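Chemist: First the structure, then my questions, so here it is.
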Amino acid sequence: MEHIISLLVENKFGVLSRVAGLFSARGYNVDSLSVGPTVDPSMSLITISTRGDDQVLEQITKQLNKLIDVIKVVDLTEKEYVERETALIKIHTRAEDRAEVFRIIEIFRARIVDSTPTTYTVEITGDAKKVEAFINQLRPLGIKELVRSGRIAIARDDAKAAAGDQKRRQTVVEAK
Amino acid sequence: MKLTGAEIFVESLKREGVKTVFGLPGGVVLKIFDVLYGDKDLDFVLVRHEQAAIHMAEAYARATGKVGVALVTSGPGATNTVTGLVNANMDSCPIVVFTGQVSTNLLGNDAFQEADIVGISRSCTKHNFLVKDVTDLATTVKEAFYLAASGRPGPVLVDIPKDVSMASAEFHYPDKVYIRSYNPTYDGNKWQIKQAAEAMLRAERPILYVGGGVINANGSDELLALAELLNIPVTMTLMGLGAFPGTHPLSLGMLGMHGSHATNMAVHHCDLLIAVGSRFDDRVTGKISEFVPHAKIIHVDIDPASIRKNIHVDIPIVGDSKSVLHDLLEQARALLGGKRREGRTPWLAQIAQWQSERPLTYKADPKVIKPQFVIDMIYRRTRGEAIISSDVGQHQMWTAQFYKFIHPRTWLNSGGLGTMGYGFPAALGAQRAFPDKPVVCITGDGSFQMNLQELATAMAYDLPVKVAIINNGYHGMVRQWQQMFYQGRYSASRLEGGPDYVKLAEAYGAVGLRATEPHEVEEVLEEAFAVRKLVLMDFQVDPFENCYPMVPSGGAINQMIYEDPPAAGDGRSQPQHETKESNLPA
Ligand SMILES: Cc1ncc(C[n+]2csc(CCOP(=O)(O)OP(=O)(O)O)c2C)c(N)n1
Ligand SMILES: [Mg+2]
């Protein structure tokens, strides 16, 4: 199953390679990865999407927790969350395809951020499924270049979570 | 007052209570070595190869319970430490390794003797640091010692660039460090402990399966009290030997690939397995899907990631072995109301029957020295009161089988990594910590040659280790597998080319002794133990003796091979086993 793991880490040199090294050494999948600063400049947030059964995920979270520079590990898939990804797509635009391109952009609420006589650069933001679907629609028209940001995600604050009714793994993970 | 980085470094070690440092100098650490020059408080042991320094530091830590320390130069000095780091990491041993580094302005430039040791050692240390500013040095040293020794212990590496050791700063050594992302759990969950204690009382056929974690946590007293109170037999992993007295009626010795018949059968048939500070290594469990088929499992470990890594656990308890064993003992005492748990007679009798069915033994021979006989004689002479180190191979397994360890921290061995070359430097590291204790290195002719340059270190520091070379002329364990699974095609396992160990010893000014016949074994040991000097004993043993019982890798542990099959012809012509090596991970 697919999981999005949110990792709060020390903003120190080498931390990303510790995390990436752990995934490669133990043979875990990384489908996407994104890193950015947090409100607190001493910490960074790494969002990793990965796959595996419950046992693998339990190991991934435990092994991540074991890294000294990892402050907190949350498997967002265990709760309600919002996710987003951005893609920038450069497509060939032959005159006869333009109407089709506009139609697709309209449907997906994407937008054109740059254009030349032969290409459009389109930006789309949404959850991974939407981005994927959009790319698939454009594919027959000829994608010249594709850049994806990697998924980012944030937990929803819901009453249930606030009442502490969380699944066991989260409590174990967060207990660290 | 300002101190140089080099002075800060040395002062910091003293504040940590460090007495002994193992290592070897080089260009970028000269400033530090200059501070060590003439220092009366720190004992520096100059090795002949950096790998040995790390094994020595590890053994020092294992034998004393304190953190072991090594100091080496950049580049090749640093890369030579890698095997030792992986070894200490796999066996959870607290050491701090300091490496010199090129100056910060040269970092990343492929400068002379630059190696990215922080990158290289990331996956084989518990944590590592590059100190970029002299003002961070003292705190980093403090953190390194704290991380190495706390939680699940392990190696920590600190890389110190040359300019950092040359620069100056005010010296403040912190009393405490707090690392916000690191809070190991020491006390087990009370509710889980209660569940576990009840399960232990209820069980009819329980087994305690303990590992090196109990020794790391100094939990042997609690273990002994608990096992006796509840009448539970105790089996130990290779790393756990010494955690429970091998001479105790409840001791089952080592389990797993070369565990005894009774031990493996008892584990296989138990209804409750209580794992403490052990991690279900494949050498222990054999085929995991057939391991303890009738048992519920309790797993006590300080590392949450060890729990449910290899096997499903019914009652997980994250915590320090000593603390959890103590709490289990209290719970059990309360539940029993001051009595002992009786009524285990059928289970203990069953185990005794397995023991008499196939005792752990060997066939002595009047003409050839059996390797087990040598180990038996060493045991009889030292009675579990020596510190024993060993290497990797048949001799190691025979030592684990036939030497009865009675105290924790008297057995030094490379378990997780299986590093040939560990044994001799390990013996030296322990001897440096305990100059007056008997220290014996039981090694193989292959393994000893992987770090024999340390003979000079032993002589230079007057370390009177007794080295017993179980000389079978082979990489014996490799030869055994080739005999059993590769039709006796002894590819690259024969060790030719010497050396003459007696002459080798003499070349270093040590004592060299040799036994080629069984009656000489006693004499050689007598002589070796009579002198307070480094002694090399060359025991020329039966080259074709095999180590049994054996669970073929990937097999279930109740399916053991007990002896060579009936030999064809002259008795030595490569007897064949039916068993094939399984495709399962070896
Ligand atoms: C550094 C290293 N290289 C290779 C091996 C693989 N290996 C395991 S046992 C063994 C043979 C050991 O020979 P020896 O020390 O003579 O011991 P014996 O089995 O003969 O008692 C080898 C080569 C290892 N464990 N470590
Ligand atoms: Mg040998």
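So you can find residues: chains in the structure tokens are A, B, ... in the order shown, residues in each start at 1, and ligands are numbered from 1 in order.
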At a cut-off of 7 Å and counting only C-alpha atoms and all ligand atoms, what residues surround ligand 2? Please answer as JSON, numbers by chain.

Modeler: {"B": [444, 445, 446, 470, 471, 472, 473, 474, 475, 476]}

Chemist: Write the residues of the selection above to a file with N, CA and C atoms, as a compact mmCIF listing (two decimals), in the first residue's frame.

Modeler:
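Saved file out_21.txt follows:
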```
# COMPACT_ATOMS: atom_id res chain seq x y z
N GLY B 444 41.97 -19.13 14.69
CA GLY B 444 42.24 -20.08 13.61
C GLY B 444 43.47 -19.63 12.84
N ASP B 445 44.05 -20.54 12.08
CA ASP B 445 45.24 -20.16 11.32
C ASP B 445 44.90 -19.12 10.25
N GLY B 446 43.67 -19.18 9.73
CA GLY B 446 43.26 -18.17 8.76
C GLY B 446 43.03 -16.83 9.44
N ILE B 470 44.30 -22.72 16.61
CA ILE B 470 43.74 -24.03 16.25
C ILE B 470 44.09 -24.21 14.78
N ASN B 471 45.27 -24.79 14.57
CA ASN B 471 45.86 -24.81 13.23
C ASN B 471 45.45 -26.07 12.49
N ASN B 472 44.47 -25.91 11.60
CA ASN B 472 44.00 -27.06 10.81
C ASN B 472 44.43 -26.95 9.35
N GLY B 473 45.23 -25.94 9.04
CA GLY B 473 45.73 -25.82 7.67
C GLY B 473 44.66 -25.44 6.65
N TYR B 474 43.53 -25.07 7.16
CA TYR B 474 42.42 -24.70 6.27
C TYR B 474 41.67 -23.50 6.81
N HIS B 475 40.97 -22.83 5.90
CA HIS B 475 39.81 -22.04 6.29
C HIS B 475 38.76 -23.10 6.62
N GLY B 476 38.85 -23.60 7.85
CA GLY B 476 38.14 -24.83 8.17
C GLY B 476 36.64 -24.76 7.96
```

Chemist: Skipping near chain neighbours, those fewer than 4 positions away, what residues fall within 12 Å of A:Phe102 using only C-alpha atoms, listed as a count of residues only?

Modeler: 18

Chemist: Any chance you could tabulate, as a Markdown table, the residues of chain B at most 9 Å from ligand 1 with each one's nearest atom pair and distance in Å to one decimal, using only C-alpha atoms and all ligand atoms, in chain and rising number order?

Modeler:
```
| residue | atom | partner | partner_atom_place_in_ligand_line | distance |
| --- | --- | --- | --- | --- |
| B:Thr83 | CA | ligand 1 | 1 (C) | 8.6 |
| B:Pro371 | CA | ligand 1 | 21 (O) | 8.6 |
| B:Asp391 | CA | ligand 1 | 15 (O) | 6.5 |
| B:Val392 | CA | ligand 1 | 9 (S) | 5.2 |
| B:Gly393 | CA | ligand 1 | 19 (O) | 3.4 |
| B:Gln394 | CA | ligand 1 | 21 (O) | 3.8 |
| B:His395 | CA | ligand 1 | 21 (O) | 3.9 |
| B:Gln396 | CA | ligand 1 | 21 (O) | 6.6 |
| B:Met397 | CA | ligand 1 | 21 (O) | 8.2 |
| B:Trp398 | CA | ligand 1 | 21 (O) | 8.5 |
| B:Leu417 | CA | ligand 1 | 25 (N) | 7.6 |
| B:Gly418 | CA | ligand 1 | 25 (N) | 4.8 |
| B:Thr419 | CA | ligand 1 | 26 (N) | 4.4 |
| B:Met420 | CA | ligand 1 | 26 (N) | 4.1 |
| B:Gly421 | CA | ligand 1 | 1 (C) | 6.6 |
| B:Tyr422 | CA | ligand 1 | 1 (C) | 8.7 |
| B:Thr443 | CA | ligand 1 | 15 (O) | 6.3 |
| B:Gly444 | CA | ligand 1 | 15 (O) | 3.5 |
| B:Asp445 | CA | ligand 1 | 16 (O) | 4.1 |
| B:Gly446 | CA | ligand 1 | 16 (O) | 3.5 |
| B:Ser447 | CA | ligand 1 | 15 (O) | 3.5 |
| B:Phe448 | CA | ligand 1 | 15 (O) | 6.4 |
| B:Gln449 | CA | ligand 1 | 15 (O) | 8.1 |
| B:Met450 | CA | ligand 1 | 1 (C) | 7.5 |
| B:Ile469 | CA | ligand 1 | 16 (O) | 8.5 |
| B:Ile470 | CA | ligand 1 | 21 (O) | 6.3 |
| B:Asn471 | CA | ligand 1 | 16 (O) | 6.7 |
| B:Asn472 | CA | ligand 1 | 20 (O) | 5.8 |
| B:Gly473 | CA | ligand 1 | 16 (O) | 6.9 |
| B:Tyr474 | CA | ligand 1 | 20 (O) | 5.1 |
| B:His475 | CA | ligand 1 | 13 (O) | 3.4 |
| B:Gly476 | CA | ligand 1 | 20 (O) | 3.2 |
| B:Met477 | CA | ligand 1 | 19 (O) | 3.8 |
| B:Val478 | CA | ligand 1 | 11 (C) | 5.4 |
| B:Arg479 | CA | ligand 1 | 19 (O) | 7.8 |
| B:Gln480 | CA | ligand 1 | 19 (O) | 8.1 |
| B:Ser493 | CA | ligand 1 | 23 (C) | 7.4 |
| B:Leu495 | CA | ligand 1 | 16 (O) | 7.9 |
| B:Pro543 | CA | ligand 1 | 20 (O) | 8.2 |
```

Chemist: So how far away is atom CA of B:Val158 from atom CA of B:Val69, in Å?

Modeler: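 Result for atom CA of B:Val69 versus atom CA of B:Val158: 11.0 Å, one decimal.
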
Chemist: Find the residues near A:Met1: any atom within 9 Å, counting only C-alpha atoms, skip ones fewer than 4 places away on the same chain, and give them as a count of residues only.

Modeler: 5

Chemist: Can you pull out every residue from chain A that DSSP, working from the backbone, puts in strand (DSSP E or B), and format the result as an MDAnalysis selection string?

Modeler: chainID A and resid 2:10 32:37 43:51 70:75 81:92 111:115 119:126 143:148 152:155

Chemist: Find the residues in chain A near chain B: any atom within 7 Å counts, using only C-alpha atoms. Write them as a PyMOL selection string.

Modeler: chain A and resi 18+59+62-63+68-71+176

Chemist: List the spatial neighbours of A:Thr38 as a VMD selection string - criterion: any atom at most 12 Å away, only C-alpha atoms, same-chain residues fewer than 6 positions off excluded.

Modeler: chain A and resid 7 to 11 44 to 46

Chemist: Mind the document's chain letters and residue numbers, and return as JSON, numbers by chain the residues of stretch 44-173 of chain A that DSSP labels helix (DSSP H, G or I).

Modeler: {"A": [54, 55, 56, 57, 58, 59, 60, 61, 62, 63, 64, 65, 66, 76, 77, 78, 95, 96, 97, 98, 99, 100, 101, 102, 103, 104, 105, 106, 107, 108, 128, 129, 130, 131, 132, 133, 134, 135, 136, 137, 138, 139, 140, 141, 159, 160, 161, 162, 168, 169, 170, 171, 172, 173]}
